[in-house]
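Asker: My file is coords04.pdb. It has PDB, C-alpha atoms, pLDDT in the B column:
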```pdb
MODEL        1
ATOM      1  CA  MET P  16      99.983  80.741 124.313  1.00 39.00           C
ATOM      2  CA  ILE P  17      97.508  77.916 123.883  1.00 37.00           C
ATOM      3  CA  ASP P  18      93.825  78.609 124.376  1.00 41.00           C
ATOM      4  CA  ASP P  19      92.165  75.472 125.806  1.00 41.00           C
ATOM      5  CA  THR P  20      88.755  76.694 124.670  1.00 37.00           C
ATOM      6  CA  THR P  21      89.802  76.587 121.022  1.00 37.00           C
ATOM      7  CA  GLU P  22      88.111  73.816 119.119  1.00 39.00           C
ATOM      8  CA  GLN P  23      90.581  71.255 117.756  1.00 38.00           C
ATOM      9  CA  LYS P  24      90.416  70.716 114.000  1.00 41.00           C
ATOM     10  CA  PRO P  25      90.772  67.315 112.377  1.00 42.00           C
ATOM     11  CA  ALA P  26      94.241  66.764 110.887  1.00 42.00           C
ATOM     12  CA  ALA P  27      92.960  67.160 107.296  1.00 44.00           C
ATOM     13  CA  ALA P  28      91.266  70.471 108.110  1.00 43.00           C
ATOM     14  CA  ALA P  29      94.359  71.712 109.944  1.00 43.00           C
ATOM     15  CA  ALA P  30      96.589  70.836 106.981  1.00 44.00           C
ATOM     16  CA  GLU P  31      94.194  72.639 104.636  1.00 46.00           C
ATOM     17  CA  THR P  32      94.235  75.722 106.869  1.00 45.00           C
ATOM     18  CA  ASP P  33      98.033  75.638 107.097  1.00 47.00           C
ATOM     19  CA  GLN P  34      98.298  75.606 103.306  1.00 53.00           C
ATOM     20  CA  ALA P  35      95.876  78.504 102.919  1.00 57.00           C
ATOM     21  CA  ALA P  36      97.623  80.798 105.398  1.00 58.00           C
ATOM     22  CA  PRO P  37     101.351  81.298 104.803  1.00 61.00           C
ATOM     23  CA  ALA P  38     103.708  81.581 107.709  1.00 70.00           C
ATOM     24  CA  ALA P  39     104.658  85.060 108.797  1.00 76.00           C
ATOM     25  CA  PRO P  40     107.570  86.264 106.706  1.00 75.00           C
ATOM     26  CA  ALA P  41     111.030  86.008 108.221  1.00 80.00           C
ATOM     27  CA  PRO P  42     112.929  89.296 108.694  1.00 78.00           C
ATOM     28  CA  ASP P  43     115.002  88.561 105.558  1.00 84.00           C
ATOM     29  CA  ASP P  44     111.787  88.019 103.593  1.00 85.00           C
ATOM     30  CA  VAL P  45     110.372  91.319 104.828  1.00 88.00           C
ATOM     31  CA  THR P  46     113.556  93.088 103.749  1.00 92.00           C
ATOM     32  CA  ARG P  47     113.455  91.409 100.331  1.00 94.00           C
ATOM     33  CA  LEU P  48     109.750  92.139  99.897  1.00 95.00           C
ATOM     34  CA  THR P  49     110.252  95.762 100.907  1.00 95.00           C
ATOM     35  CA  ASP P  50     113.137  96.173  98.439  1.00 97.00           C
ATOM     36  CA  ASP P  51     111.125  94.509  95.668  1.00 97.00           C
ATOM     37  CA  ILE P  52     108.083  96.672  96.433  1.00 98.00           C
ATOM     38  CA  VAL P  53     110.203  99.837  96.301  1.00 98.00           C
ATOM     39  CA  GLN P  54     111.647  98.724  92.944  1.00 98.00           C
ATOM     40  CA  ALA P  55     108.107  98.104  91.657  1.00 98.00           C
ATOM     41  CA  LEU P  56     106.999 101.540  92.883  1.00 98.00           C
ATOM     42  CA  LYS P  57     109.889 103.115  91.000  1.00 97.00           C
ATOM     43  CA  THR P  58     108.241 101.915  87.770  1.00 97.00           C
ATOM     44  CA  VAL P  59     105.167 104.079  88.438  1.00 98.00           C
ATOM     45  CA  TYR P  60     105.335 107.585  87.030  1.00 95.00           C
ATOM     46  CA  ASP P  61     102.947 110.461  87.375  1.00 88.00           C
ATOM     47  CA  PRO P  62     101.920 110.988  83.726  1.00 87.00           C
ATOM     48  CA  GLU P  63     102.610 114.712  84.035  1.00 86.00           C
ATOM     49  CA  ILE P  64     105.958 114.521  85.846  1.00 90.00           C
ATOM     50  CA  PRO P  65     109.026 112.721  84.451  1.00 91.00           C
ATOM     51  CA  ALA P  66     110.024 111.214  87.819  1.00 94.00           C
ATOM     52  CA  ASP P  67     108.764 108.104  89.555  1.00 97.00           C
ATOM     53  CA  ILE P  68     106.366 108.453  92.467  1.00 97.00           C
ATOM     54  CA  TYR P  69     108.788 106.942  94.976  1.00 98.00           C
ATOM     55  CA  GLU P  70     111.524 109.492  94.218  1.00 97.00           C
ATOM     56  CA  LEU P  71     108.910 112.248  94.207  1.00 96.00           C
ATOM     57  CA  GLY P  72     108.179 111.364  97.834  1.00 97.00           C
ATOM     58  CA  LEU P  73     104.565 110.386  97.208  1.00 97.00           C
ATOM     59  CA  ILE P  74     104.897 107.092  99.111  1.00 98.00           C
ATOM     60  CA  TYR P  75     104.547 107.705 102.824  1.00 98.00           C
ATOM     61  CA  LYS P  76     104.401 104.198 104.257  1.00 97.00           C
ATOM     62  CA  ILE P  77     104.645 100.546 103.217  1.00 97.00           C
ATOM     63  CA  ASP P  78     103.327  98.005 105.751  1.00 96.00           C
ATOM     64  CA  ILE P  79     103.746  94.262 105.224  1.00 95.00           C
ATOM     65  CA  ASP P  80     101.597  92.151 107.519  1.00 94.00           C
ATOM     66  CA  ASP P  81     102.114  88.571 108.655  1.00 92.00           C
ATOM     67  CA  ASP P  82     100.144  87.094 105.758  1.00 93.00           C
ATOM     68  CA  ARG P  83     102.177  89.138 103.249  1.00 94.00           C
ATOM     69  CA  GLY P  84      99.367  91.580 102.609  1.00 96.00           C
ATOM     70  CA  VAL P  85     100.682  95.054 101.836  1.00 97.00           C
ATOM     71  CA  LYS P  86      99.202  98.428 102.741  1.00 98.00           C
ATOM     72  CA  VAL P  87     100.621 101.498 101.054  1.00 98.00           C
ATOM     73  CA  ASP P  88      99.912 105.035 102.233  1.00 98.00           C
ATOM     74  CA  MET P  89     100.558 107.505  99.475  1.00 98.00           C
ATOM     75  CA  THR P  90      99.711 111.058  98.626  1.00 97.00           C
ATOM     76  CA  LEU P  91      99.505 113.173  95.509  1.00 95.00           C
ATOM     77  CA  THR P  92     101.233 116.427  94.702  1.00 92.00           C
ATOM     78  CA  THR P  93      97.879 118.211  94.994  1.00 91.00           C
ATOM     79  CA  PRO P  94      94.293 117.218  95.814  1.00 91.00           C
ATOM     80  CA  ASN P  95      93.395 118.421  92.317  1.00 91.00           C
ATOM     81  CA  CYS P  96      95.916 116.094  90.655  1.00 89.00           C
ATOM     82  CA  PRO P  97      94.572 115.061  87.236  1.00 89.00           C
ATOM     83  CA  SER P  98      95.975 111.554  87.828  1.00 90.00           C
ATOM     84  CA  ALA P  99      94.218 111.115  91.182  1.00 91.00           C
ATOM     85  CA  GLN P 100      92.082 108.246  89.877  1.00 91.00           C
ATOM     86  CA  GLU P 101      94.773 106.308  88.026  1.00 94.00           C
ATOM     87  CA  LEU P 102      97.875 106.623  90.245  1.00 96.00           C
ATOM     88  CA  PRO P 103      96.539 104.583  93.211  1.00 97.00           C
ATOM     89  CA  THR P 104      95.454 101.852  90.777  1.00 97.00           C
ATOM     90  CA  MET P 105      98.890 101.902  89.157  1.00 97.00           C
ATOM     91  CA  VAL P 106     100.511 101.610  92.601  1.00 98.00           C
ATOM     92  CA  GLU P 107      98.253  98.693  93.522  1.00 98.00           C
ATOM     93  CA  SER P 108      99.103  96.870  90.280  1.00 98.00           C
ATOM     94  CA  ALA P 109     102.834  97.460  90.666  1.00 98.00           C
ATOM     95  CA  VAL P 110     102.899  96.178  94.254  1.00 98.00           C
ATOM     96  CA  ALA P 111     100.653  93.213  93.429  1.00 98.00           C
ATOM     97  CA  SER P 112     103.129  92.166  90.714  1.00 98.00           C
ATOM     98  CA  VAL P 113     105.867  91.531  93.318  1.00 97.00           C
ATOM     99  CA  PRO P 114     106.334  87.786  93.954  1.00 96.00           C
ATOM    100  CA  GLY P 115     105.259  86.860  97.475  1.00 93.00           C
ATOM    101  CA  VAL P 116     102.828  89.741  97.920  1.00 95.00           C
ATOM    102  CA  ARG P 117      99.254  88.710  98.577  1.00 94.00           C
ATOM    103  CA  GLU P 118      96.534  91.323  99.017  1.00 96.00           C
ATOM    104  CA  VAL P 119      97.354  95.001  98.336  1.00 98.00           C
ATOM    105  CA  LYS P 120      95.553  98.017  99.725  1.00 98.00           C
ATOM    106  CA  VAL P 121      96.466 101.560  98.690  1.00 98.00           C
ATOM    107  CA  GLU P 122      95.232 104.517 100.669  1.00 98.00           C
ATOM    108  CA  VAL P 123      95.607 108.122  99.566  1.00 97.00           C
ATOM    109  CA  VAL P 124      96.371 110.337 102.562  1.00 97.00           C
ATOM    110  CA  TRP P 125      96.763 114.085 102.798  1.00 96.00           C
ATOM    111  CA  ASP P 126      98.546 114.441 106.118  1.00 95.00           C
ATOM    112  CA  PRO P 127     101.233 115.585 105.956  1.00 95.00           C
ATOM    113  CA  PRO P 128     100.633 117.495 102.737  1.00 95.00           C
ATOM    114  CA  TRP P 129     103.180 116.815 100.021  1.00 95.00           C
ATOM    115  CA  ASP P 130     105.718 119.513  99.217  1.00 94.00           C
ATOM    116  CA  PRO P 131     108.868 119.526  97.048  1.00 94.00           C
ATOM    117  CA  SER P 132     111.123 118.964 100.076  1.00 95.00           C
ATOM    118  CA  ARG P 133     109.947 115.323 100.070  1.00 96.00           C
ATOM    119  CA  MET P 134     111.644 114.673  96.706  1.00 96.00           C
ATOM    120  CA  SER P 135     114.897 112.752  96.518  1.00 96.00           C
ATOM    121  CA  ASP P 136     118.006 114.262  94.974  1.00 95.00           C
ATOM    122  CA  GLU P 137     117.422 111.962  91.988  1.00 93.00           C
ATOM    123  CA  ALA P 138     113.987 113.518  91.385  1.00 94.00           C
ATOM    124  CA  ARG P 139     115.413 117.026  91.807  1.00 94.00           C
ATOM    125  CA  VAL P 140     118.008 116.315  89.110  1.00 93.00           C
ATOM    126  CA  VAL P 141     115.392 114.925  86.719  1.00 91.00           C
ATOM    127  CA  LEU P 142     113.106 117.909  87.324  1.00 91.00           C
ATOM    128  CA  ASN P 143     115.950 120.460  87.503  1.00 90.00           C
ATOM    129  CA  MET P 144     114.668 121.694  90.843  1.00 86.00           C
ATOM    130  CA  TRP P 145     117.714 122.833  92.807  1.00 73.00           C
TER     131      TRP P 145
ENDMDL
END
```
Show how you would write the structure in this file as structure tokens.
Answerer:
Amino acid sequence: MIDDTTEQKPAAAAAETDQAAPAAPAPDDVTRLTDDIVQALKTVYDPEIPADIYELGLIYKIDIDDDRGVKVDMTLTTPNCPSAQELPTMVESAVASVPGVREVKVEVVWDPPWDPSRMSDEARVVLNMW
């Protein structure tokens, strides 16, 4: 839809704007970015637990917007987690390291509360929790 009330930009300004704002990612790009983000998250470990945070089920949601900004909703095993300050920063750094990702925002959420049923079978094997 074209808005006739929108002010037209000179060609040079339009080209500059086009370079600054990337095109929305294609579905294949979103899939690749999501896979790469998950792989990056699997490099982040809770310092007290020998399993990565993704397999522990601490990542609740990964949203990639049209400008390739990423929002991650995560939780912790407990509100009193000793790593509560460092884990979100580690997640932000890991996601930001993925090629193609622009801005990263990590939000710690508590609903639903984490419980061991959120762990993958891989994490259960590592933690011997069957």
Asker: Hey, which of P:Asp67, P:Asp61, P:Asp81, P:Glu122 ends up closest to P:Pro42? Count only C-alpha atoms.
Answerer: P:Asp81
Asker: Could you tell me which of P:Cys96, P:Pro114, P:Pro65, P:Glu70 comes closest to P:Thr49 if we count only C-alpha atoms?
Answerer: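 Closest candidate: P:Pro114.
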Asker: Can you tell me how far atom CA of P:Asp82 sits from atom CA of P:Arg47, in Å to one decimal?
Answerer: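 Separation between atom CA of P:Asp82 and atom CA of P:Arg47: 15.0 Å.
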Asker: Select, from P:Leu56, P:Pro62, P:Asp50, P:Arg83, the residue with the minimum atom-to-atom distance to P:Gly115, counting all atoms listed in the file.
Answerer: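 Result for the nearest residue to P:Gly115: P:Arg83.
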Asker: Applying 8 Å and only C-alpha atoms, which residues near P:Ala138 remain after dropping the ones on its own chain fewer than 2 positions away? List them as an NGL selection string.
Answerer: :P and (66-67 or 70-71 or 134-136 or 140-142)
Asker: The PyMOL selection byres ((chain P and resi 103-111) around 12) on the file shown: which residues, as a PyMOL selection string?
Answerer: chain P and resi 48-62+67-69+73-74+77-79+83-91+96+98-102+112-124
